[in-house]
$ cat query37.cif   # mmCIF, C-alpha atoms, pLDDT in the B column; chains and numbers go by the auth columns
data_work
#
loop_
_atom_site.group_PDB
_atom_site.id
_atom_site.type_symbol
_atom_site.label_atom_id
_atom_site.label_comp_id
_atom_site.label_asym_id
_atom_site.label_seq_id
_atom_site.Cartn_x
_atom_site.Cartn_y
_atom_site.Cartn_z
_atom_site.B_iso_or_equiv
_atom_site.auth_seq_id
_atom_site.auth_asym_id
ATOM 1 C CA MET A 1 96.777 91.026 13.645 51.00 18 D
ATOM 2 C CA ALA A 2 95.274 93.879 15.655 54.00 19 D
ATOM 3 C CA SER A 3 96.293 94.459 19.248 55.00 20 D
ATOM 4 C CA TYR A 4 93.651 95.424 21.782 55.00 21 D
ATOM 5 C CA THR A 5 94.174 96.922 25.196 56.00 22 D
ATOM 6 C CA LEU A 6 91.482 96.677 27.818 59.00 23 D
ATOM 7 C CA ALA A 7 91.317 99.907 29.772 60.00 24 D
ATOM 8 C CA LEU A 8 90.204 99.217 33.317 60.00 25 D
ATOM 9 C CA PRO A 9 89.084 102.077 35.535 65.00 26 D
ATOM 10 C CA ILE A 10 91.406 102.942 38.388 62.00 27 D
ATOM 11 C CA PHE A 11 89.539 103.044 41.654 66.00 28 D
ATOM 12 C CA ALA A 12 90.743 105.499 44.250 70.00 29 D
ATOM 13 C CA LEU A 13 90.844 104.100 47.723 86.00 30 D
ATOM 14 C CA MET A 14 88.558 105.649 50.263 85.00 31 D
ATOM 15 C CA GLU A 15 90.584 107.129 53.102 91.00 32 D
ATOM 16 C CA ILE A 16 89.139 107.554 56.580 93.00 33 D
ATOM 17 C CA LYS A 17 90.112 111.004 57.867 96.00 34 D
ATOM 18 C CA LYS A 18 88.098 111.079 61.079 96.00 35 D
ATOM 19 C CA ARG A 19 86.175 108.581 63.222 97.00 36 D
ATOM 20 C CA GLU A 20 83.623 109.778 65.777 97.00 37 D
ATOM 21 C CA THR A 21 81.382 107.677 67.999 97.00 38 D
ATOM 22 C CA ALA A 22 77.802 108.452 66.976 97.00 39 D
ATOM 23 C CA TYR A 23 76.178 105.874 69.271 97.00 40 D
ATOM 24 C CA ASP A 24 77.567 103.665 72.016 96.00 41 D
ATOM 25 C CA GLY A 25 74.924 101.354 73.465 93.00 42 D
ATOM 26 C CA TYR A 26 74.270 97.650 72.972 88.00 43 D
ATOM 27 C CA PHE A 27 75.843 98.266 69.559 91.00 44 D
ATOM 28 C CA LYS A 28 78.282 100.928 68.417 95.00 45 D
ATOM 29 C CA ILE A 29 77.940 103.229 65.408 97.00 46 D
ATOM 30 C CA TYR A 30 80.702 105.457 64.089 97.00 47 D
ATOM 31 C CA LYS A 31 80.426 108.553 61.939 97.00 48 D
ATOM 32 C CA LEU A 32 83.327 108.493 59.492 95.00 49 D
ATOM 33 C CA THR A 33 84.653 111.457 57.534 96.00 50 D
ATOM 34 C CA VAL A 34 86.195 110.030 54.371 94.00 51 D
ATOM 35 C CA THR A 35 87.836 111.222 51.176 94.00 52 D
ATOM 36 C CA GLN A 36 87.771 109.639 47.739 91.00 53 D
ATOM 37 C CA ASN A 37 88.535 111.072 44.295 89.00 54 D
ATOM 38 C CA GLY A 38 89.019 114.541 45.783 90.00 55 D
ATOM 39 C CA HIS A 39 85.644 114.529 47.563 94.00 56 D
ATOM 40 C CA THR A 40 85.078 114.581 51.324 96.00 57 D
ATOM 41 C CA PHE A 41 81.875 113.119 52.752 94.00 58 D
ATOM 42 C CA THR A 42 80.527 111.200 55.743 96.00 59 D
ATOM 43 C CA ARG A 43 79.447 107.597 56.175 95.00 60 D
ATOM 44 C CA GLU A 44 78.028 105.714 59.142 95.00 61 D
ATOM 45 C CA GLN A 45 79.636 102.442 60.141 95.00 62 D
ATOM 46 C CA PHE A 46 77.886 99.836 62.295 95.00 63 D
ATOM 47 C CA ASP A 47 80.641 98.225 64.380 95.00 64 D
ATOM 48 C CA ARG A 48 79.523 94.636 64.877 93.00 65 D
ATOM 49 C CA GLY A 49 82.805 92.837 65.501 92.00 66 D
ATOM 50 C CA THR A 50 83.539 89.250 64.543 95.00 67 D
ATOM 51 C CA ALA A 51 80.823 86.616 64.498 97.00 68 D
ATOM 52 C CA VAL A 52 81.045 82.844 64.389 98.00 69 D
ATOM 53 C CA ALA A 53 78.499 80.393 63.037 98.00 70 D
ATOM 54 C CA ALA A 54 78.356 76.636 62.621 98.00 71 D
ATOM 55 C CA LEU A 55 76.346 74.139 60.684 98.00 72 D
ATOM 56 C CA VAL A 56 76.050 71.426 63.328 98.00 73 D
ATOM 57 C CA TYR A 57 75.690 67.757 62.378 98.00 74 D
ATOM 58 C CA ASP A 58 74.818 65.078 64.955 98.00 75 D
ATOM 59 C CA THR A 59 76.747 62.023 63.738 98.00 76 D
ATOM 60 C CA GLU A 60 74.713 59.634 65.936 97.00 77 D
ATOM 61 C CA LYS A 61 71.244 60.869 64.910 97.00 78 D
ATOM 62 C CA ARG A 62 72.444 61.729 61.385 97.00 79 D
ATOM 63 C CA ARG A 63 70.653 65.089 61.515 98.00 80 D
ATOM 64 C CA TYR A 64 71.619 68.738 61.189 98.00 81 D
ATOM 65 C CA ILE A 65 70.791 70.773 64.301 98.00 82 D
ATOM 66 C CA LEU A 66 69.737 74.401 63.754 98.00 83 D
ATOM 67 C CA THR A 67 68.083 77.005 65.952 97.00 84 D
ATOM 68 C CA ARG A 68 64.840 78.959 65.814 96.00 85 D
ATOM 69 C CA GLN A 69 64.650 82.277 67.633 94.00 86 D
ATOM 70 C CA TYR A 70 63.161 85.737 67.356 92.00 87 D
ATOM 71 C CA ARG A 71 65.480 88.197 65.614 91.00 88 D
ATOM 72 C CA VAL A 72 65.063 91.929 66.140 90.00 89 D
ATOM 73 C CA GLY A 73 66.569 92.787 62.743 90.00 90 D
ATOM 74 C CA SER A 74 64.002 90.763 60.764 92.00 91 D
ATOM 75 C CA GLU A 75 61.275 91.271 63.383 94.00 92 D
ATOM 76 C CA SER A 76 60.438 87.585 63.096 95.00 93 D
ATOM 77 C CA ASP A 77 61.432 84.087 64.125 96.00 94 D
ATOM 78 C CA LEU A 78 64.248 82.726 61.973 96.00 95 D
ATOM 79 C CA VAL A 79 65.698 79.261 61.605 97.00 96 D
ATOM 80 C CA GLU A 80 69.477 79.603 61.517 97.00 97 D
ATOM 81 C CA VAL A 81 72.740 77.803 62.044 98.00 98 D
ATOM 82 C CA VAL A 82 74.172 78.242 65.557 98.00 99 D
ATOM 83 C CA ALA A 83 75.847 81.637 65.799 97.00 100 D
ATOM 84 C CA GLY A 84 77.220 84.250 68.138 95.00 101 D
ATOM 85 C CA MET A 85 79.905 86.845 68.666 95.00 102 D
ATOM 86 C CA VAL A 86 83.576 86.287 69.453 97.00 103 D
ATOM 87 C CA ASP A 87 84.128 87.527 72.996 94.00 104 D
ATOM 88 C CA LYS A 88 87.202 89.578 73.838 93.00 105 D
ATOM 89 C CA GLY A 89 90.191 87.303 74.415 95.00 106 D
ATOM 90 C CA GLU A 90 88.533 84.248 72.807 96.00 107 D
ATOM 91 C CA SER A 91 89.594 82.483 69.654 97.00 108 D
ATOM 92 C CA PRO A 92 86.850 81.984 67.046 97.00 109 D
ATOM 93 C CA GLU A 93 87.032 78.212 67.627 98.00 110 D
ATOM 94 C CA THR A 94 86.505 78.639 71.379 97.00 111 D
ATOM 95 C CA SER A 95 83.641 81.053 70.709 97.00 112 D
ATOM 96 C CA ILE A 96 81.736 78.722 68.382 98.00 113 D
ATOM 97 C CA ALA A 97 82.228 75.750 70.714 97.00 114 D
ATOM 98 C CA ARG A 98 80.785 77.901 73.545 96.00 115 D
ATOM 99 C CA GLU A 99 77.835 78.989 71.376 95.00 116 D
ATOM 100 C CA ILE A 100 77.078 75.375 70.412 97.00 117 D
ATOM 101 C CA GLU A 101 76.990 74.379 74.090 95.00 118 D
ATOM 102 C CA GLU A 102 74.847 77.368 75.112 93.00 119 D
ATOM 103 C CA GLU A 103 72.388 77.227 72.221 93.00 120 D
ATOM 104 C CA ILE A 104 71.927 73.498 71.590 95.00 121 D
ATOM 105 C CA GLY A 105 73.626 71.697 74.498 95.00 122 D
ATOM 106 C CA TYR A 106 76.275 69.728 72.583 96.00 123 D
ATOM 107 C CA SER A 107 80.050 69.455 72.938 96.00 124 D
ATOM 108 C CA VAL A 108 81.962 69.640 69.670 98.00 125 D
ATOM 109 C CA ASP A 109 83.678 66.459 68.445 98.00 126 D
ATOM 110 C CA ASN A 110 85.134 67.904 65.229 98.00 127 D
ATOM 111 C CA LEU A 111 85.272 71.454 63.871 98.00 128 D
ATOM 112 C CA THR A 112 86.144 72.501 60.313 98.00 129 D
ATOM 113 C CA HIS A 113 86.379 76.090 59.061 98.00 130 D
ATOM 114 C CA LEU A 114 84.345 76.545 55.844 97.00 131 D
ATOM 115 C CA HIS A 115 84.345 80.240 54.915 95.00 132 D
ATOM 116 C CA THR A 116 85.014 83.723 56.232 97.00 133 D
ATOM 117 C CA PHE A 117 82.852 86.513 54.822 95.00 134 D
ATOM 118 C CA TYR A 118 81.426 89.954 55.548 94.00 135 D
ATOM 119 C CA SER A 119 77.688 89.963 56.241 91.00 136 D
ATOM 120 C CA SER A 120 77.010 93.402 54.739 92.00 137 D
ATOM 121 C CA PRO A 121 80.254 95.285 53.979 90.00 138 D
ATOM 122 C CA GLY A 122 78.527 98.419 52.732 89.00 139 D
ATOM 123 C CA GLY A 123 77.814 99.580 56.268 91.00 140 D
ATOM 124 C CA THR A 124 78.840 97.063 58.916 94.00 141 D
ATOM 125 C CA THR A 125 82.194 95.728 60.121 94.00 142 D
ATOM 126 C CA GLU A 126 80.778 92.280 60.919 95.00 143 D
ATOM 127 C CA LYS A 127 82.943 89.444 59.651 96.00 144 D
ATOM 128 C CA VAL A 128 81.513 85.924 59.966 97.00 145 D
ATOM 129 C CA LEU A 129 83.609 82.781 60.336 97.00 146 D
ATOM 130 C CA LEU A 130 81.458 79.820 59.274 98.00 147 D
ATOM 131 C CA TYR A 131 82.247 76.307 60.501 98.00 148 D
ATOM 132 C CA TYR A 132 80.986 72.765 60.099 98.00 149 D
ATOM 133 C CA ALA A 133 80.760 71.079 63.513 98.00 150 D
ATOM 134 C CA GLU A 134 80.247 67.395 64.180 98.00 151 D
ATOM 135 C CA VAL A 135 78.652 66.465 67.498 98.00 152 D
ATOM 136 C CA SER A 136 77.476 63.172 68.949 96.00 153 D
ATOM 137 C CA HIS A 137 76.132 63.710 72.451 91.00 154 D
ATOM 138 C CA GLN A 138 73.701 66.282 73.749 92.00 155 D
ATOM 139 C CA HIS A 139 74.553 66.768 77.436 89.00 156 D
ATOM 140 C CA ALA A 140 72.248 69.756 78.124 80.00 157 D
ATOM 141 C CA ASP A 141 68.989 71.191 76.827 73.00 158 D
ATOM 142 C CA GLY A 142 70.525 74.235 75.169 69.00 159 D
ATOM 143 C CA GLY A 143 68.089 77.053 74.556 61.00 160 D
ATOM 144 C CA GLY A 144 70.529 79.926 75.045 61.00 161 D
ATOM 145 C CA LYS A 145 71.592 81.953 78.033 53.00 162 D
ATOM 146 C CA GLU A 146 68.913 83.352 80.303 61.00 163 D
ATOM 147 C CA ASP A 147 71.007 86.418 81.201 57.00 164 D
ATOM 148 C CA GLU A 148 71.263 87.228 77.460 58.00 165 D
ATOM 149 C CA HIS A 149 67.461 86.854 77.135 55.00 166 D
ATOM 150 C CA GLU A 150 67.807 84.092 74.558 66.00 167 D
ATOM 151 C CA ASP A 151 64.849 81.805 73.921 79.00 168 D
ATOM 152 C CA ILE A 152 66.157 79.285 71.419 87.00 169 D
ATOM 153 C CA GLU A 153 64.344 76.255 70.043 93.00 170 D
ATOM 154 C CA LEU A 154 66.268 73.388 68.443 95.00 171 D
ATOM 155 C CA VAL A 155 65.230 72.314 64.949 97.00 172 D
ATOM 156 C CA SER A 156 66.680 69.240 63.261 97.00 173 D
ATOM 157 C CA TYR A 157 66.793 68.209 59.616 98.00 174 D
ATOM 158 C CA THR A 158 67.904 65.247 57.586 98.00 175 D
ATOM 159 C CA ARG A 159 70.138 66.148 54.654 98.00 176 D
ATOM 160 C CA GLU A 160 67.179 65.946 52.287 98.00 177 D
ATOM 161 C CA GLU A 161 64.988 68.126 54.512 98.00 178 D
ATOM 162 C CA LEU A 162 67.752 70.710 54.931 98.00 179 D
ATOM 163 C CA LEU A 163 68.275 70.977 51.175 98.00 180 D
ATOM 164 C CA LYS A 164 64.532 71.437 50.524 98.00 181 D
ATOM 165 C CA GLU A 165 64.071 74.113 53.191 97.00 182 D
ATOM 166 C CA SER A 166 63.866 77.788 52.253 97.00 183 D
ATOM 167 C CA PHE A 167 65.887 79.907 54.703 97.00 184 D
ATOM 168 C CA ALA A 168 65.907 83.698 55.062 96.00 185 D
ATOM 169 C CA ASP A 169 69.297 83.960 56.822 96.00 186 D
ATOM 170 C CA ALA A 170 72.384 84.381 54.603 96.00 187 D
ATOM 171 C CA LYS A 171 74.857 82.384 56.708 97.00 188 D
ATOM 172 C CA THR A 172 72.374 79.513 56.833 98.00 189 D
ATOM 173 C CA ILE A 173 71.895 79.646 53.059 98.00 190 D
ATOM 174 C CA ILE A 174 75.697 79.529 52.615 97.00 191 D
ATOM 175 C CA ALA A 175 75.830 76.477 54.917 98.00 192 D
ATOM 176 C CA GLN A 176 72.953 74.853 53.025 98.00 193 D
ATOM 177 C CA GLN A 177 74.775 75.370 49.721 97.00 194 D
ATOM 178 C CA TRP A 178 77.929 73.879 51.233 98.00 195 D
ATOM 179 C CA VAL A 179 75.965 70.726 52.132 98.00 196 D
ATOM 180 C CA GLN A 180 74.597 70.528 48.589 97.00 197 D
ATOM 181 C CA LEU A 181 78.085 70.842 47.078 96.00 198 D
ATOM 182 C CA ASN A 182 79.958 68.617 49.547 93.00 199 D
ATOM 183 C CA SER A 183 77.775 65.686 50.496 76.00 200 D
#

$ encode --input "query37.cif" --output "structure tokens"
Amino acid sequence: MASYTLALPIFALMEIKKRETAYDGYFKIYKLTVTQNGHTFTREQFDRGTAVAALVYDTEKRRYILTRQYRVGSESDLVEVVAGMVDKGESPETSIAREIEEEIGYSVDNLTHLHTFYSSPGGTTEKVLLYYAEVSHQHADGGGKEDEHEDIELVSYTREELLKESFADAKTIIAQQWVQLNS
């Protein structure tokens, strides 16, 4: 009987030799000098931080609550799960509970972590922690924070409506697929 060996390529790790701030405004961009396989070159890195997102389900109304807002990156309105950034000193769970209150006006009854993933690891540091949040009482209108210039509309779906909808946002598509696989 013949013996076969599968030769896998060995990937050299990219090593960051230098990090310079290329832009420091609302966002931050670094210029990295890196080496790999004996070559030195530069790459830009968009420092986005850690984001949180939640597929919110109102257990009383039996509907999923999402948001619609204008997004600069897509230059359009998008329907998305509730999302935001983890503020310095906050835990991800505290951050997503805060975002749910600000954006849709609910307090969280139950929170379950679903996935952690990078949104676009080829050029950005953003890591997203995705949750499933159960809520039962809307105590405020939501709509976002005025001082952050948010203008957020609430959109609700039954399970069937959510699964039929075509979304353009990756974290929302991941949440939609989770519903399809788990309910």

$ closest_residue --input "query37.cif" --among "D:Arg60, D:Lys181, D:Lys188, D:Arg115" --to "D:Val145" --atoms "all atoms listed in the file"
D:Lys188

$ residues_around --input "query37.cif" --residues "D:Ser173" --least-positions-apart "6" --cutoff "7 Å" --atoms "all atoms listed in the file" --output "ChimeraX atom specification"
/D:80-83

$ axis_aligned_box --input "query37.cif" --around "stretch 52-60 of chain D" --padding-each-side "3 Å" --output "lines of an AutoDock Vina configuration file"
center_x = 84.2
center_y = 111.1
center_z = 50.2
size_x = 15.6
size_y = 13.0
size_z = 17.9

$ resolve_selection --input "query37.cif" --expression "the PyMOL selection byres ((chain D and resi 33-37) around 8)" --output "ChimeraX atom specification"
/D:31-32,38-39,47-52

$ write_last_selection --input "query37.cif" --atoms "C-alpha atoms" --output "short mmCIF file (atom, residue, chain, number, x, y, z; two decimals), in the frame of the given file"
data_model
loop_
_atom_site.label_atom_id
_atom_site.label_comp_id
_atom_site.auth_asym_id
_atom_site.auth_seq_id
_atom_site.Cartn_x
_atom_site.Cartn_y
_atom_site.Cartn_z
CA MET D 31 88.56 105.65 50.26
CA GLU D 32 90.58 107.13 53.10
CA THR D 38 81.38 107.68 68.00
CA ALA D 39 77.80 108.45 66.98
CA TYR D 47 80.70 105.46 64.09
CA LYS D 48 80.43 108.55 61.94
CA LEU D 49 83.33 108.49 59.49
CA THR D 50 84.65 111.46 57.53
CA VAL D 51 86.20 110.03 54.37
CA THR D 52 87.84 111.22 51.18
#

$ atom_distance --input "query37.cif" --atom1 "atom CA of D:Thr84" --atom2 "atom CA of D:Ser112"
16.8 Å

$ residues_near_point --input "query37.cif" --point "(78.1, 78.0, 66.6)" --cutoff "10 Å" --atoms "only C-alpha atoms" --output "NGL selection string"
:D and (68-73 or 83 or 98-102 or 109-121 or 125 or 146-150)

$ closest_residue --input "query37.cif" --among "D:Glu107, D:Asp126, D:Glu92, D:Glu143" --to "D:Asp64" --atoms "all atoms listed in the file"
D:Glu143

$ residues_near_point --input "query37.cif" --point "(74.3, 75.0, 50.1)" --cutoff "12 Å" --atoms "only C-alpha atoms" --output "MDAnalysis selection string"
chainID D and resid 72 131 176:177 179:184 187:200

$ write_last_selection --input "query37.cif" --atoms "C-alpha atoms" --output "PDB file, keeping the file's coordinate frame"
ATOM      1  CA  LEU D  72      76.346  74.139  60.684  1.00 98.00           C
ATOM      2  CA  LEU D 131      84.345  76.545  55.844  1.00 97.00           C
ATOM      3  CA  ARG D 176      70.138  66.148  54.654  1.00 98.00           C
ATOM      4  CA  GLU D 177      67.179  65.946  52.287  1.00 98.00           C
ATOM      5  CA  LEU D 179      67.752  70.710  54.931  1.00 98.00           C
ATOM      6  CA  LEU D 180      68.275  70.977  51.175  1.00 98.00           C
ATOM      7  CA  LYS D 181      64.532  71.437  50.524  1.00 98.00           C
ATOM      8  CA  GLU D 182      64.071  74.113  53.191  1.00 97.00           C
ATOM      9  CA  SER D 183      63.866  77.788  52.253  1.00 97.00           C
ATOM     10  CA  PHE D 184      65.887  79.907  54.703  1.00 97.00           C
ATOM     11  CA  ALA D 187      72.384  84.381  54.603  1.00 96.00           C
ATOM     12  CA  LYS D 188      74.857  82.384  56.708  1.00 97.00           C
ATOM     13  CA  THR D 189      72.374  79.513  56.833  1.00 98.00           C
ATOM     14  CA  ILE D 190      71.895  79.646  53.059  1.00 98.00           C
ATOM     15  CA  ILE D 191      75.697  79.529  52.615  1.00 97.00           C
ATOM     16  CA  ALA D 192      75.830  76.477  54.917  1.00 98.00           C
ATOM     17  CA  GLN D 193      72.953  74.853  53.025  1.00 98.00           C
ATOM     18  CA  GLN D 194      74.775  75.370  49.721  1.00 97.00           C
ATOM     19  CA  TRP D 195      77.929  73.879  51.233  1.00 98.00           C
ATOM     20  CA  VAL D 196      75.965  70.726  52.132  1.00 98.00           C
ATOM     21  CA  GLN D 197      74.597  70.528  48.589  1.00 97.00           C
ATOM     22  CA  LEU D 198      78.085  70.842  47.078  1.00 96.00           C
ATOM     23  CA  ASN D 199      79.958  68.617  49.547  1.00 93.00           C
ATOM     24  CA  SER D 200      77.775  65.686  50.496  1.00 76.00           C
TER      25      SER D 200
END

$ closest_residue --input "query37.cif" --among "D:Thr57, D:Thr67, D:Gln62, D:Ser93" --to "D:Thr133" --atoms "only C-alpha atoms"
D:Thr67

$ atom_distance --input "query37.cif" --atom1 "atom CA of D:Val152" --atom2 "atom CA of D:Thr129"
12.0 Å

$ atom_distance --input "query37.cif" --atom1 "atom CA of D:Leu30" --atom2 "atom CA of D:Gly140"
16.2 Å

$ closest_residue --input "query37.cif" --among "D:Ser136, D:Asn54, D:Lys144, D:Val96" --to "D:Val172" --atoms "only C-alpha atoms"
D:Val96

$ closest_residue --input "query37.cif" --among "D:Thr141, D:Leu95, D:His56, D:Leu128" --to "D:Glu170" --atoms "only C-alpha atoms"
D:Leu95

$ closest_residue --input "query37.cif" --among "D:Thr142, D:Thr175, D:Ser137, D:Ser124" --to "D:Asp158" --atoms "all atoms listed in the file"
D:Ser124

$ resolve_selection --input "query37.cif" --expression "the PyMOL selection byres ((chain D and resi 156) around 8)" --output "PyMOL selection string"
chain D and resi 122-124+154-155+157-158

$ residues_around --input "query37.cif" --residues "D:Thr76" --least-positions-apart "3" --cutoff "7 Å" --atoms "all atoms listed in the file" --output "number ranges by chain"
D: 79, 151-153
